[in-house]
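Student: Contents are mmCIF, C-alpha atoms; file name protein17.cif:
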```cif
data_run
#
loop_
_atom_site.label_atom_id
_atom_site.label_comp_id
_atom_site.auth_asym_id
_atom_site.auth_seq_id
_atom_site.Cartn_x
_atom_site.Cartn_y
_atom_site.Cartn_z
CA MET E 1 -33.08 2.84 -4.03
CA ALA E 2 -33.02 6.58 -4.16
CA ASP E 3 -33.18 8.14 -7.59
CA HIS E 4 -30.65 10.84 -6.70
CA ILE E 5 -27.78 8.40 -6.08
CA LYS E 6 -25.58 7.54 -9.05
CA ILE E 7 -22.14 6.02 -8.57
CA ALA E 8 -19.11 5.74 -10.83
CA ILE E 9 -16.95 2.72 -9.96
CA ILE E 10 -13.29 3.20 -10.93
CA ILE E 11 -11.15 0.06 -11.09
CA THR E 12 -7.50 0.21 -12.06
CA THR E 13 -6.04 -3.02 -13.40
CA TYR E 14 -2.71 -4.36 -14.58
CA ASN E 15 -2.13 -8.03 -15.35
CA HIS E 16 -4.98 -9.42 -13.21
CA THR E 17 -7.08 -10.68 -16.12
CA ASP E 18 -8.81 -13.58 -14.36
CA CYS E 19 -9.82 -11.47 -11.35
CA VAL E 20 -11.01 -8.63 -13.57
CA TYR E 21 -13.23 -10.79 -15.78
CA GLU E 22 -14.74 -12.49 -12.75
CA ASN E 23 -15.50 -9.14 -11.16
CA MET E 24 -16.81 -7.67 -14.40
CA SER E 25 -19.29 -10.53 -14.61
CA SER E 26 -20.74 -9.50 -11.26
CA LEU E 27 -20.56 -5.78 -11.93
CA SER E 28 -22.34 -6.19 -15.27
CA GLU E 29 -25.45 -7.17 -13.35
CA LEU E 30 -25.62 -3.91 -11.41
CA ASN E 31 -28.49 -1.53 -12.10
CA LYS E 32 -27.28 0.89 -14.79
CA ASN E 33 -29.49 3.63 -13.34
CA TYR E 34 -27.29 3.75 -10.25
CA PHE E 35 -23.87 2.47 -11.34
CA HIS E 36 -21.36 2.80 -14.14
CA VAL E 37 -17.93 1.15 -14.17
CA TYR E 38 -14.76 2.77 -15.51
CA LEU E 39 -12.18 0.02 -15.97
CA VAL E 40 -8.80 1.69 -16.38
CA ASP E 41 -6.65 -0.84 -18.24
CA ASN E 42 -2.98 -0.08 -17.52
CA LYS E 43 -1.76 -2.96 -19.68
CA GLY E 44 -4.21 -3.10 -22.57
CA GLY E 45 -6.04 -5.96 -24.22
CA LEU E 46 -9.12 -6.23 -21.99
CA PHE E 47 -12.55 -6.63 -23.56
CA VAL E 48 -16.01 -6.56 -22.00
CA GLU E 49 -19.37 -7.23 -23.62
CA ASN E 50 -21.62 -5.04 -21.48
CA LYS E 51 -20.48 -1.64 -22.69
CA GLU E 52 -23.71 -0.11 -21.42
CA ILE E 53 -22.48 -0.28 -17.85
CA ILE E 54 -18.70 -0.75 -18.32
CA THR E 55 -16.35 1.67 -20.07
CA ILE E 56 -12.79 0.51 -20.72
CA VAL E 57 -10.22 3.31 -20.48
CA LYS E 58 -6.93 2.45 -22.16
CA ASN E 59 -3.93 3.63 -20.18
CA PHE E 60 -0.25 2.77 -19.86
CA ASN E 61 1.32 1.44 -16.70
CA VAL E 62 1.23 4.40 -14.35
CA GLY E 63 0.38 2.31 -11.30
CA GLY E 64 -2.71 2.44 -9.14
CA ALA E 65 -2.45 6.17 -8.46
CA GLY E 66 -2.20 6.96 -12.17
CA GLY E 67 -5.09 4.65 -12.98
CA PHE E 68 -7.35 6.20 -10.36
CA ALA E 69 -6.36 9.72 -11.47
CA ARG E 70 -7.20 8.80 -15.08
CA GLY E 71 -10.53 7.37 -13.94
CA MET E 72 -11.35 10.55 -12.03
CA LEU E 73 -10.58 12.65 -15.11
CA GLU E 74 -12.87 10.42 -17.19
CA VAL E 75 -15.67 10.85 -14.64
CA LEU E 76 -15.27 14.62 -14.74
CA LYS E 77 -15.18 14.60 -18.55
CA SER E 78 -18.35 12.48 -18.75
CA LYS E 79 -20.61 15.27 -17.41
CA GLU E 80 -22.84 12.57 -15.87
CA ASP E 81 -24.74 13.48 -12.71
CA TYR E 82 -22.71 11.21 -10.44
CA THR E 83 -23.12 11.67 -6.71
CA HIS E 84 -20.29 9.38 -5.64
CA VAL E 85 -17.18 7.61 -6.93
CA ILE E 86 -15.96 4.21 -5.72
CA LEU E 87 -12.23 3.52 -6.00
CA MET E 88 -11.68 -0.22 -6.06
CA ASP E 89 -8.79 -2.69 -6.52
CA ASP E 90 -8.88 -5.14 -9.41
CA ASP E 91 -7.83 -8.20 -7.40
CA VAL E 92 -10.49 -8.20 -4.68
CA SER E 93 -13.42 -10.61 -4.51
CA PHE E 94 -16.81 -9.61 -3.18
CA ASP E 95 -20.48 -10.40 -2.79
CA SER E 96 -22.35 -8.08 -5.17
CA ARG E 97 -24.82 -7.33 -2.37
CA ILE E 98 -22.27 -4.92 -0.92
CA PHE E 99 -23.43 -2.40 -3.53
CA GLU E 100 -27.03 -2.67 -2.35
CA ASN E 101 -25.78 -2.27 1.22
CA LEU E 102 -23.85 0.80 0.14
CA ILE E 103 -26.91 2.41 -1.42
CA HIS E 104 -28.95 1.77 1.72
CA LEU E 105 -26.18 3.24 3.87
CA LEU E 106 -25.89 6.35 1.70
CA GLU E 107 -29.65 6.84 1.92
CA SER E 108 -29.57 6.63 5.70
CA LEU E 109 -26.65 8.98 6.38
CA LYS E 110 -27.47 11.94 8.60
CA PRO E 111 -27.16 15.41 7.02
CA GLU E 112 -23.88 16.03 8.85
CA GLU E 113 -22.50 12.75 7.42
CA GLN E 114 -23.38 13.36 3.75
CA ASP E 115 -19.81 14.38 2.93
CA SER E 116 -18.27 11.28 4.53
CA PHE E 117 -16.14 8.69 2.76
CA VAL E 118 -17.66 5.19 3.05
CA GLY E 119 -14.97 2.57 3.44
CA GLY E 120 -15.16 -1.11 2.70
CA ALA E 121 -13.55 -3.48 5.17
CA MET E 122 -10.83 -5.90 4.07
CA LEU E 123 -11.09 -9.59 4.90
CA ARG E 124 -8.44 -12.18 4.08
CA SER E 125 -9.30 -14.21 0.98
CA ASP E 126 -7.80 -17.38 2.50
CA LYS E 127 -9.59 -16.86 5.85
CA PRO E 128 -12.75 -14.86 5.03
CA TRP E 129 -13.65 -14.57 8.70
CA PHE E 130 -10.36 -12.76 9.47
CA HIS E 131 -10.93 -9.00 9.57
CA VAL E 132 -7.85 -7.05 8.48
CA GLU E 133 -8.96 -3.44 8.44
CA SER E 134 -11.88 -1.02 8.50
CA GLY E 135 -10.14 2.31 7.98
CA ALA E 136 -6.77 3.17 9.43
CA LYS E 137 -4.94 5.85 11.36
CA TRP E 138 -1.93 7.74 10.05
CA LYS E 139 1.20 7.47 12.18
CA GLY E 140 3.71 9.55 10.23
CA LEU E 141 5.73 6.92 8.33
CA THR E 142 3.44 4.05 9.28
CA VAL E 143 -0.28 3.38 9.45
CA GLU E 144 -2.36 1.53 12.04
CA PRO E 145 -5.20 -0.65 10.74
CA MET E 146 -8.41 -0.46 12.74
CA GLY E 147 -9.96 -3.72 13.93
CA TYR E 148 -7.11 -5.98 12.83
CA GLY E 149 -7.62 -9.64 13.74
CA LEU E 150 -11.30 -9.43 14.68
CA ASP E 151 -13.32 -12.55 13.88
CA MET E 152 -16.38 -12.08 11.64
CA ARG E 153 -17.82 -15.34 13.02
CA LYS E 154 -18.23 -13.78 16.46
CA THR E 155 -21.18 -11.48 17.09
CA GLU E 156 -19.25 -9.40 19.60
CA ASP E 157 -16.41 -8.84 17.12
CA VAL E 158 -18.82 -7.80 14.36
CA GLN E 159 -20.33 -5.31 16.78
CA ARG E 160 -16.85 -3.98 17.54
CA ILE E 161 -16.22 -3.55 13.81
CA ASP E 162 -19.44 -1.59 13.41
CA ALA E 163 -18.44 0.65 16.33
CA LEU E 164 -15.04 1.61 14.87
CA ASN E 165 -14.55 5.32 14.17
CA GLY E 166 -11.84 7.92 13.95
CA ALA E 167 -10.06 6.64 10.84
CA ASP E 168 -7.86 9.09 8.94
CA TYR E 169 -8.48 7.32 5.64
CA ASN E 170 -9.83 4.15 4.05
CA ALA E 171 -7.73 2.08 1.68
CA TRP E 172 -8.69 2.05 -1.98
CA TRP E 173 -9.54 -1.63 -2.21
CA PHE E 174 -13.06 -0.14 -1.73
CA CYS E 175 -13.66 3.49 -0.88
CA CYS E 176 -16.79 5.46 -1.79
CA ILE E 177 -16.14 9.21 -2.11
CA PRO E 178 -18.75 11.97 -2.58
CA ILE E 179 -18.40 13.65 -5.98
CA LYS E 180 -17.65 17.03 -4.36
CA TYR E 181 -14.11 15.77 -3.70
CA ILE E 182 -13.51 14.60 -7.27
CA ARG E 183 -12.13 17.77 -8.81
CA GLU E 184 -9.44 18.79 -11.28
CA ASP E 185 -7.51 20.40 -8.42
CA ASN E 186 -7.91 17.44 -6.06
CA LEU E 187 -6.45 14.42 -7.84
CA PRO E 188 -4.14 11.77 -6.29
CA LEU E 189 -0.43 12.28 -5.75
CA PRO E 190 1.68 10.57 -8.48
CA LEU E 191 3.00 7.87 -6.15
CA PHE E 192 2.56 4.92 -8.57
CA PHE E 193 1.08 2.76 -5.82
CA GLN E 194 0.81 2.74 -2.03
CA TRP E 195 0.11 5.75 0.19
CA ASP E 196 -1.97 7.58 -2.45
CA ASP E 197 -5.07 6.68 -0.45
CA VAL E 198 -3.44 7.81 2.79
CA ASP E 199 -2.62 11.20 1.31
CA TYR E 200 -6.12 11.65 -0.15
CA GLY E 201 -7.77 10.96 3.19
CA LEU E 202 -5.46 13.32 5.06
CA ARG E 203 -5.88 16.05 2.45
CA ASN E 204 -9.66 16.04 2.44
CA LYS E 205 -10.16 15.48 6.17
CA ALA E 206 -13.49 13.73 5.60
CA LYS E 207 -15.09 11.49 8.18
CA VAL E 208 -14.75 7.80 7.28
CA VAL E 209 -17.87 5.66 7.79
CA THR E 210 -17.39 1.89 7.86
CA THR E 211 -19.68 -1.07 8.44
CA SER E 212 -19.21 -4.83 8.56
CA ASN E 213 -21.70 -5.47 5.74
CA ILE E 214 -19.58 -3.64 3.17
CA ALA E 215 -16.43 -5.72 2.82
CA VAL E 216 -14.15 -7.23 0.19
CA ARG E 217 -11.80 -10.19 0.33
CA HIS E 218 -8.18 -9.61 -0.56
CA GLU E 219 -5.03 -11.73 -0.69
CA PRO E 220 -3.03 -11.30 2.53
CA PHE E 221 -0.17 -8.85 2.28
CA ASP E 222 2.59 -11.23 3.39
CA LEU E 223 3.38 -12.37 -0.16
CA LYS E 224 3.15 -8.83 -1.47
CA ARG E 225 6.13 -7.80 0.66
CA THR E 226 8.65 -7.64 -2.17
CA ALA E 227 11.67 -5.36 -2.54
CA MET E 228 9.66 -3.34 -5.09
CA GLN E 229 6.80 -2.93 -2.60
CA PHE E 230 9.33 -2.02 0.10
CA TYR E 231 10.77 0.72 -2.14
CA TYR E 232 7.42 2.33 -2.90
CA SER E 233 6.13 2.03 0.64
CA ASN E 234 9.16 3.79 2.11
CA ARG E 235 9.60 6.41 -0.61
CA ASN E 236 5.92 7.30 -0.62
CA SER E 237 5.56 7.41 3.15
CA LEU E 238 8.42 9.94 3.24
CA ILE E 239 6.68 12.04 0.58
CA VAL E 240 3.27 11.96 2.29
CA ASN E 241 4.84 12.68 5.67
CA SER E 242 6.49 15.76 4.12
CA CYS E 243 3.25 17.02 2.59
CA HIS E 244 1.20 17.04 5.80
CA ASP E 245 1.49 18.59 9.23
CA GLY E 246 1.30 16.28 12.22
CA GLY E 247 3.68 13.62 10.94
CA PHE E 248 7.24 12.77 11.96
CA ASP E 249 9.79 15.56 12.34
CA LYS E 250 13.36 15.18 11.08
CA LYS E 251 14.62 13.52 14.25
CA ALA E 252 11.82 10.94 14.20
CA VAL E 253 12.29 10.28 10.47
CA LEU E 254 16.01 9.63 10.88
CA LYS E 255 15.40 7.33 13.85
CA PHE E 256 12.78 5.41 11.87
CA LEU E 257 15.07 4.95 8.86
CA LYS E 258 17.98 3.79 11.03
CA LYS E 259 15.74 1.17 12.59
CA LYS E 260 14.55 0.03 9.15
CA ILE E 261 18.00 -0.41 7.59
CA HIS E 262 19.28 -2.13 10.73
CA SER E 263 16.44 -4.62 10.61
CA GLU E 264 16.93 -5.54 6.94
CA VAL E 265 20.71 -5.92 7.21
CA CYS E 266 20.43 -7.99 10.41
CA LEU E 267 17.97 -10.31 8.69
CA TYR E 268 20.21 -10.58 5.58
CA ARG E 269 17.55 -9.14 3.28
CA TYR E 270 20.10 -7.04 1.43
CA GLU E 271 17.81 -6.41 -1.55
CA TYR E 272 15.34 -4.79 0.87
CA ALA E 273 18.14 -2.65 2.28
CA ASP E 274 19.05 -1.63 -1.28
CA ALA E 275 15.37 -0.79 -1.91
CA LEU E 276 15.27 1.39 1.22
CA ASN E 277 18.43 3.24 0.18
CA ARG E 278 17.00 3.86 -3.26
CA ALA E 279 13.73 5.06 -1.73
CA ILE E 280 15.59 7.64 0.38
CA GLU E 281 17.72 8.69 -2.58
CA ASP E 282 14.67 9.20 -4.81
CA TYR E 283 12.77 11.03 -2.07
CA LEU E 284 15.65 13.50 -1.86
CA LYS E 285 15.32 14.21 -5.61
CA GLY E 286 12.18 16.14 -4.78
CA PRO E 287 8.80 16.78 -6.41
CA VAL E 288 10.04 18.05 -9.77
CA TRP E 289 11.81 14.73 -10.40
CA LEU E 290 8.77 12.78 -9.18
CA CYS E 291 6.45 14.51 -11.65
CA SER E 292 8.85 14.32 -14.60
CA ILE E 293 9.82 10.62 -14.65
CA ASP E 294 8.37 8.07 -17.04
CA PRO E 295 6.60 5.94 -14.40
CA GLU E 296 6.35 2.86 -16.61
CA LYS E 297 10.05 2.76 -17.48
CA TYR E 298 11.09 3.66 -13.95
CA ASN E 299 8.96 0.90 -12.47
CA GLU E 300 10.73 -1.58 -14.76
CA GLU E 301 13.96 -0.57 -13.01
CA ILE E 302 12.44 -0.93 -9.55
CA ILE E 303 11.08 -4.40 -10.37
CA LYS E 304 14.68 -5.54 -10.87
CA LEU E 305 15.17 -5.18 -7.11
CA ASN E 306 12.90 -8.21 -6.60
CA LYS E 307 14.12 -11.75 -6.17
CA PRO E 308 11.81 -14.66 -6.95
CA LEU E 309 9.87 -16.71 -4.40
CA SER E 310 9.79 -20.49 -4.58
CA ASP E 311 8.06 -23.39 -2.85
CA VAL E 312 10.11 -23.93 0.32
CA SER E 313 7.55 -25.84 2.37
CA LYS E 314 9.70 -29.01 2.53
CA GLN E 315 12.64 -27.07 3.95
CA VAL E 316 10.83 -25.55 6.94
CA ASP E 317 12.12 -26.08 10.45
CA TRP E 318 8.68 -26.02 12.04
CA ASN E 319 9.97 -25.94 15.61
CA TRP E 320 11.90 -22.77 14.91
CA TYR E 321 9.16 -21.25 12.76
CA ARG E 322 6.60 -21.60 15.57
CA VAL E 323 8.76 -19.66 18.02
CA GLY E 324 10.21 -17.26 15.49
CA CYS E 325 7.82 -14.40 16.20
CA GLY E 326 8.42 -14.59 19.93
CA ILE E 327 12.22 -14.43 19.95
CA THR E 328 13.61 -11.79 22.30
CA ASP E 329 16.84 -11.08 24.14
CA CYS E 330 16.96 -13.46 27.12
CA ASP E 331 18.40 -10.77 29.43
CA ARG E 332 20.11 -7.37 29.38
CA LEU E 333 23.58 -8.85 28.98
CA HIS E 334 22.46 -10.74 25.88
CA ALA E 335 21.01 -7.52 24.44
CA VAL E 336 24.28 -5.64 25.10
CA VAL E 337 26.43 -8.39 23.54
CA ARG E 338 24.15 -8.60 20.53
CA LYS E 339 24.34 -4.87 19.90
CA LEU E 340 28.11 -4.63 20.48
CA THR E 341 28.68 -7.44 17.96
CA PHE E 342 26.38 -5.83 15.38
CA ASN E 343 23.68 -8.45 15.91
CA GLY E 344 26.26 -11.24 15.78
CA TYR E 345 28.01 -10.17 12.58
CA LEU E 346 31.33 -10.19 14.49
CA LEU E 347 30.64 -13.64 15.94
CA LYS E 348 30.64 -17.04 14.29
CA ALA E 349 27.30 -17.88 12.73
CA LYS E 350 25.91 -21.12 14.11
CA ASN E 351 22.24 -21.69 13.18
CA ASN E 352 19.87 -22.01 10.26
CA PHE E 353 16.57 -20.34 11.11
CA THR E 354 13.06 -20.40 9.67
CA LEU E 355 11.10 -17.19 10.17
CA PRO E 356 7.78 -15.72 8.97
CA ILE E 357 8.18 -13.76 5.76
CA TYR E 358 7.14 -10.59 7.60
CA ALA E 359 9.79 -10.94 10.36
CA GLU E 360 11.36 -7.58 11.10
CA ARG E 361 13.19 -7.63 14.46
CA PRO E 362 17.01 -7.95 14.31
CA VAL E 363 17.12 -10.33 17.29
CA GLN E 364 15.31 -12.90 15.14
CA GLY E 365 18.40 -13.24 12.96
CA TYR E 366 21.08 -13.16 15.67
CA ARG E 367 24.09 -15.33 14.69
CA ALA E 368 22.23 -17.08 11.89
CA LYS E 369 24.07 -18.69 8.97
CA LYS E 370 21.00 -18.77 6.78
CA ILE E 371 17.44 -17.61 7.26
CA LEU E 372 14.53 -19.22 5.45
CA PHE E 373 11.63 -16.77 5.19
CA PHE E 374 8.36 -18.66 4.83
CA GLU E 375 4.68 -17.84 4.21
CA GLU E 376 2.65 -20.63 5.76
CA ASN E 377 -0.56 -20.41 3.69
CA SER E 378 1.13 -20.62 0.30
CA GLY E 379 4.29 -22.55 1.15
CA MET E 380 6.32 -19.89 -0.70
CA GLY E 381 9.43 -18.17 0.54
CA PHE E 382 13.13 -17.46 0.05
CA THR E 383 16.49 -18.09 1.75
CA ARG E 384 19.03 -15.42 2.64
CA GLU E 385 22.61 -15.88 3.88
CA LYS E 386 24.94 -13.77 5.99
CA ASN E 387 27.22 -11.68 3.76
CA ILE E 388 29.47 -9.19 5.51
CA LYS E 389 30.53 -7.52 2.24
CA LYS E 390 26.92 -6.85 1.23
CA ALA E 391 26.06 -5.65 4.71
CA GLY E 392 28.96 -3.20 4.66
CA SER E 393 27.97 -1.89 1.24
CA CYS E 394 24.36 -1.33 2.30
CA MET E 395 25.33 0.44 5.50
CA ALA E 396 27.96 2.62 3.80
CA LYS E 397 25.42 3.88 1.29
CA PHE E 398 22.84 4.41 4.02
CA LEU E 399 25.27 6.51 6.08
CA LYS E 400 25.87 8.83 3.11
CA LEU E 401 22.13 9.20 2.62
CA TYR E 402 21.61 9.65 6.35
CA PHE E 403 23.93 12.67 6.42
CA ARG E 404 22.29 14.05 3.28
CA MET E 405 18.95 13.77 5.09
CA ILE E 406 20.36 15.70 8.05
CA LEU E 407 21.52 18.50 5.76
CA CYS E 408 18.66 18.59 3.24
CA TYR E 409 15.53 17.36 4.98
CA SER E 410 14.01 20.73 5.91
CA ARG E 411 14.56 22.10 2.40
CA ILE E 412 13.08 19.00 0.73
CA VAL E 413 9.97 19.17 2.93
CA LYS E 414 9.44 22.79 1.86
CA GLU E 415 9.78 21.77 -1.79
CA TYR E 416 7.15 19.05 -1.51
CA ARG E 417 4.73 21.41 0.22
CA ALA E 418 5.37 24.17 -2.30
CA LYS E 419 4.63 21.81 -5.22
CA TYR E 420 1.76 19.95 -3.56
CA ARG E 421 -1.02 21.77 -5.43
CA TYR E 422 0.70 21.20 -8.75
CA MET E 423 1.34 17.50 -8.01
CA THR E 424 -2.39 16.92 -7.44
CA SER E 425 -3.63 19.05 -10.35
CA LYS E 426 -5.09 18.24 -13.74
CA GLU E 427 -2.22 20.18 -15.33
CA MET E 428 0.34 17.78 -13.89
CA TRP E 429 -1.69 14.63 -14.60
CA VAL E 430 -2.35 15.56 -18.24
CA LYS E 431 1.42 15.66 -18.80
CA TYR E 432 2.13 12.61 -16.64
CA LEU E 433 -0.54 10.51 -18.39
CA ARG E 434 0.51 11.84 -21.84
CA LEU E 435 -3.03 13.05 -22.46
CA ASP E 436 -1.75 16.20 -24.16
CA ASP E 437 -0.55 13.91 -26.97
CA GLU E 438 -4.07 12.62 -27.65
#
```
Here is the file; what I need is its structure written in the form of structure tokens.
Tutor:
Amino acid sequence: MADHIKIAIIITTYNHTDCVYENMSSLSELNKNYFHVYLVDNKGGLFVENKEIITIVKNFNVGGAGGFARGMLEVLKSKEDYTHVILMDDDVSFDSRIFENLIHLLESLKPEEQDSFVGGAMLRSDKPWFHVESGAKWKGLTVEPMGYGLDMRKTEDVQRIDALNGADYNAWWFCCIPIKYIREDNLPLPLFFQWDDVDYGLRNKAKVVTTSNIAVRHEPFDLKRTAMQFYYSNRNSLIVNSCHDGGFDKKAVLKFLKKKIHSEVCLYRYEYADALNRAIEDYLKGPVWLCSIDPEKYNEEIIKLNKPLSDVSKQVDWNWYRVGCGITDCDRLHAVVRKLTFNGYLLKAKNNFTLPIYAERPVQGYRAKKILFFEENSGMGFTREKNIKKAGSCMAKFLKLYFRMILCYSRIVKEYRAKYRYMTSKEMWVKYLRLDDE
């Protein structure tokens, strides 16, 4: 290992005690000459024995973005001669050899690649051979994972993973960033969680280097698709899209949001439709509101949008579940009838369907009485029923917000861009993290 490489590992955690202690056991064995861990504890109560290599930073619940920002500030305050910072999720599992692989990769980078981000790939924890992502591309209000579905058991697929390039960012389940980017004027956006990593990659425009031998295992995202997650994903994608050139313009944004609300209402996921409406409403409040809220208290309100999952494995109609993803309109006439009847809302409901929990196309819920949403690996899911009153309420609120977007969108975009430097500054984060009270 090269003497000039020294890496600060920042891990933000909230309520993942078992995962954290397991990971800390592995991280404690790292060479202290090359690594130090900053464990930002957003809940409190964690304890580690090896304080020589692990520093616990007590925080309150400001989400992943707030935890990583606090970790960056601690790194800057430490005055250590770090060359890189790793941002890392608390609920991943990994082989500790990835850190050796990282050192070897950093040593071998060409001069023109020294300022690159090094991204860790994500594999599914339930199917460790299933490659989910090695970097991703920004698509305005969505992102496109690179290498999704490749099989780590196949030599040709591993070679394809190693050949991936052109990512706009790497997710912060494992992302190694040169210290030159970790500055008091270059901190994350206060997005609580989701899309903070997208913004940071777009802002810094660094090349992303990935390799198959630096990877972590993570729970699949299907069960993480809650109403709370849906709120943050949509609100934050609107904010990031507004902060950067090259994203969706107003027309594309409005079209995207119409498609989203239509999908959730047609699939009877009214709490998701409520979450989307709230996301749009909060986006329109602008950057001053975003920077002034109490993120912990506000998140407690957003959590209330969630409805619990339960074990539904004995209720599954497997025949329907197997074909659920492939449902389409059988012909043009069927498509016209479906649209004219508001996806069957004006017709008598006649079926009970079972669909994947990530189903998102309206045709999948056409004329359903009930829809059972099911995640096959865990057996967990939830049932939703057709409710015309709820559908009308969701759409009425969306239409009001839609017209507000038409009138206010250009002004709101200018506000986000005007406040962008402040939102990513130490000045803002000191207030947001209540550090001026310490």
Student: Any chance you could tabulate, as JSON lines, the residues of stretch 386-426 of chain E at most 7 Å from stretch 170-194 of chain E with each one's nearest atom pair and distance in Å to one decimal, using all atoms listed in the file, in chain and rising number order?
Tutor:
```
{"residue": "E:Met423", "atom": "CA", "partner": "E:Leu189", "partner_atom": "CA", "distance": 6.0}
{"residue": "E:Thr424", "atom": "CA", "partner": "E:Leu187", "partner_atom": "CA", "distance": 4.8}
{"residue": "E:Ser425", "atom": "CA", "partner": "E:Asp185", "partner_atom": "CA", "distance": 4.5}
{"residue": "E:Lys426", "atom": "CA", "partner": "E:Glu184", "partner_atom": "CA", "distance": 5.0}
```
Student: I'd like the contact shell of E:Ile98 - 12 Å cut-off, all atoms listed in the file, skipping same-chain residues fewer than 5 positions apart - returned as a list in words.
Tutor: Ser26, Leu27, Leu30, Ser93, Ile103, His104, Leu105, Val118, Gly119, Gly120, Ala121, Phe174, Cys176, Thr211, Ser212, Asn213, Ile214, Ala215, Val216 and Arg217 of chain E
Student: With C-alpha atoms retained, could you export that selection as a PDB file, keeping the file's coordinate frame?
Tutor:
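New file out-v5.pdb:
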```
ATOM      1  CA  SER E  26     -20.740  -9.500 -11.260  1.00  0.00           C
ATOM      2  CA  LEU E  27     -20.560  -5.780 -11.930  1.00  0.00           C
ATOM      3  CA  LEU E  30     -25.620  -3.910 -11.410  1.00  0.00           C
ATOM      4  CA  SER E  93     -13.420 -10.610  -4.510  1.00  0.00           C
ATOM      5  CA  ILE E 103     -26.910   2.410  -1.420  1.00  0.00           C
ATOM      6  CA  HIS E 104     -28.950   1.770   1.720  1.00  0.00           C
ATOM      7  CA  LEU E 105     -26.180   3.240   3.870  1.00  0.00           C
ATOM      8  CA  VAL E 118     -17.660   5.190   3.050  1.00  0.00           C
ATOM      9  CA  GLY E 119     -14.970   2.570   3.440  1.00  0.00           C
ATOM     10  CA  GLY E 120     -15.160  -1.110   2.700  1.00  0.00           C
ATOM     11  CA  ALA E 121     -13.550  -3.480   5.170  1.00  0.00           C
ATOM     12  CA  PHE E 174     -13.060  -0.140  -1.730  1.00  0.00           C
ATOM     13  CA  CYS E 176     -16.790   5.460  -1.790  1.00  0.00           C
ATOM     14  CA  THR E 211     -19.680  -1.070   8.440  1.00  0.00           C
ATOM     15  CA  SER E 212     -19.210  -4.830   8.560  1.00  0.00           C
ATOM     16  CA  ASN E 213     -21.700  -5.470   5.740  1.00  0.00           C
ATOM     17  CA  ILE E 214     -19.580  -3.640   3.170  1.00  0.00           C
ATOM     18  CA  ALA E 215     -16.430  -5.720   2.820  1.00  0.00           C
ATOM     19  CA  VAL E 216     -14.150  -7.230   0.190  1.00  0.00           C
ATOM     20  CA  ARG E 217     -11.800 -10.190   0.330  1.00  0.00           C
TER      21      ARG E 217
END
```
Student: Give as a PyMOL selection string every residue, naming chains and numbers as the document does, that has an atom within 8 Å of (21.2, -10.3, 13.4), counting all atoms listed in the file.
Tutor: chain E and resi 263+265-268+338+342-345+362-368
Student: With the PyMOL selection byres ((chain E and resi 35) around 9) as the selection, what would be picked from this file? Answer as a PyMOL selection string, please.
Tutor: chain E and resi 5-9+27+30-34+36-37+53+82
Student: For E:Lys127, which residue among E:Gly45, E:Cys394, E:Arg404, E:Arg153 is the nearest when counting all atoms listed in the file?
Tutor: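 For E:Lys127, the nearest of the given residues is E:Arg153.
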Student: Using all atoms listed in the file, find each residue of stretch 185-244 of chain E with at least one atom at most 12 Å away from an atom of stretch 298-307 of chain E; report its shortest atom-to-atom pair and that distance in Å (one decimal), sort the rows by chain and rising residue number, and return the result as a Markdown table.
Tutor:
```
| residue | atom | partner | partner_atom | distance |
| --- | --- | --- | --- | --- |
| E:Leu191 | CA | E:Asn299 | CA | 11.1 |
| E:Phe192 | CA | E:Asn299 | CA | 8.5 |
| E:Phe193 | CA | E:Asn299 | CA | 10.5 |
| E:Lys224 | CA | E:Asn306 | CA | 11.0 |
| E:Arg225 | CA | E:Asn306 | CA | 9.9 |
| E:Thr226 | CA | E:Asn306 | CA | 6.2 |
| E:Ala227 | CA | E:Asn306 | CA | 5.1 |
| E:Met228 | CA | E:Ile303 | CA | 5.6 |
| E:Gln229 | CA | E:Ile303 | CA | 9.0 |
| E:Phe230 | CA | E:Asn306 | CA | 9.8 |
| E:Tyr231 | CA | E:Ile302 | CA | 7.8 |
| E:Tyr232 | CA | E:Ile302 | CA | 8.9 |
| E:Arg235 | CA | E:Ile302 | CA | 11.9 |
```
Student: Could you list the residues chosen by the PyMOL selection byres ((chain E and resi 416) around 8) in this structure as a VMD selection string?
Tutor: chain E and resid 239 242 to 243 286 to 287 412 to 415 417 to 420
Student: The PyMOL selection byres ((chain E and resi 123) around 9) - which residues does that actually catch in the file I just gave you? List them as a short mmCIF file (atom, residue, chain, number, x, y, z; two decimals) with C-alpha atoms, keeping the file's coordinate frame.
Tutor:
```cif
data_model
loop_
_atom_site.label_atom_id
_atom_site.label_comp_id
_atom_site.auth_asym_id
_atom_site.auth_seq_id
_atom_site.Cartn_x
_atom_site.Cartn_y
_atom_site.Cartn_z
CA ALA E 121 -13.55 -3.48 5.17
CA MET E 122 -10.83 -5.90 4.07
CA ARG E 124 -8.44 -12.18 4.08
CA SER E 125 -9.30 -14.21 0.98
CA ASP E 126 -7.80 -17.38 2.50
CA LYS E 127 -9.59 -16.86 5.85
CA PRO E 128 -12.75 -14.86 5.03
CA TRP E 129 -13.65 -14.57 8.70
CA PHE E 130 -10.36 -12.76 9.47
CA HIS E 131 -10.93 -9.00 9.57
CA VAL E 132 -7.85 -7.05 8.48
CA GLU E 133 -8.96 -3.44 8.44
CA MET E 152 -16.38 -12.08 11.64
CA ALA E 215 -16.43 -5.72 2.82
CA VAL E 216 -14.15 -7.23 0.19
CA ARG E 217 -11.80 -10.19 0.33
CA HIS E 218 -8.18 -9.61 -0.56
CA GLU E 219 -5.03 -11.73 -0.69
CA PRO E 220 -3.03 -11.30 2.53
#
```
